[in-house]
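Let me begin by presenting the structure, written as structure tokens, before commenting on it.
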Amino acid sequence: MNHITNRLFLEEISWDDLPLVHVLHSIPELDEYNTLGIPKDLEETKKVIQPAIDDQQKNPRSQFCWKIELKSSGQVIGLAGMFPSNDRFRLGEIYYKIHPDFWGNGYATEVAKALVRFGFDELKLHKVEAGVATENIRSVRVLEKIGMTREGLRRKILPIRGAWKDNYHYAILEDDPRDY
Ligand SMILES: CC(C)(COP(=O)(O)OP(=O)(O)OC[C@H]1O[C@@H](n2cnc3c(N)ncnc32)[C@H](O)[C@@H]1OP(=O)(O)O)[C@@H](O)C(=O)NCCC(=O)NCCS
């Protein structure tokens with residue numbers, strides 16, 4: 001399922017996007033607070049995206065991975081995703097990453113709002129969640145801008161380049177105030 005926002009297209013990835021996803025996963029700035037690590041080769045990236053592509057044939061869906069494209073130029077500037085729980089808890093977890101050349105333009109915020117809207121309006125979720133390394137101030141800012149509440153701190157659960165990092169748990173409920 002694809003989405004359109006003011007400035008962006010969110011289109012589900014296909015195998016044609018493998019090289020592009022690989023490039024994005026290989027950028028150190030995008031991996032700084034990520035537990036995935038830089039892929040050692042294209043094959044590793046293929047294994048990472050395989051479940052998202054396979055899931056496109058399923059109903060109900062349990063994961064989505066979108067490429068983020070600028071409407072103005074068609075340039076792909078990042079990736080985003082959503083994992084609905086598909087059970088009576090009606091939870092969904094979101095993530096996003098934007099190429100560093102495009103940081104600071106509000107794109108991640110625009111994407112995250114679209115994902116929250118999709119979660120509540122189309123997937124009928126009760127709660128949309130996100131986890132973020134406590135040191136990831138840019139992403140913390142995005143989650144706060146979209147009206148998520150910091151619900152907790154999980155100590156030392158993220159294995160990132162040989163160290164255990166703390167993680168904040170953020171979430172927004174279907175009936176929390178939202179200006180979008
Ligand atoms: C986190 C990320 C997606 C943000 O993308 P973005 O398009 O630049 O985000 P936005 O422009 O919507 O918002 C960024 C906010 O961080 C703020 N910010 C940027 N640098 C900052 C800093 N050093 N200290 C405090 N705030 C900072 C910006 O000012 C902006 O807030 P504002 O609108 O109140 O001014 C991007 O940095 C990224 O891809 N990081 C790597 C991947 C990642 O960590 N993903 C999130 C996993 S949970």
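We label chains A, B, ... in the order they appear in the structure tokens, count residues from 1 in each chain, and number ligands from 1 in the order shown.
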
Excluding Ala52 (chain A) and residues on its chain fewer than 3 positions from it, collect all residues at most 7 Å away from it, counting only C-alpha atoms, and give them as a PyMOL selection string. chain A and resi 49+55-56+63-65

Please find the residues contacting ligand 1 at a distance of at most 8 Å between atoms, with only C-alpha atoms and all ligand atoms counted, and report them as an NGL selection string. :A and (29-34 or 78 or 95-100 or 102-110 or 130-133 or 136-142 or 145)

Just the strand (DSSP E or B) stuff from region 8-180 of chain A, please, per backbone DSSP, written as an NGL selection string. :A and (8-12 or 64-70 or 76-84 or 91-98 or 127-133 or 149-160 or 163-173)

Give the helix (DSSP H, G or I) residues of region 36-94 of chain A, as DSSP finds them on the backbone, and put them as a PyMOL selection string. chain A and resi 42-55

Taking only C-alpha atoms into account, which of A:Asp101, A:Ser85, A:Ser62, A:Ser73 comes nearest Ile27 (chain A)?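 Closest candidate: A:Asp101.
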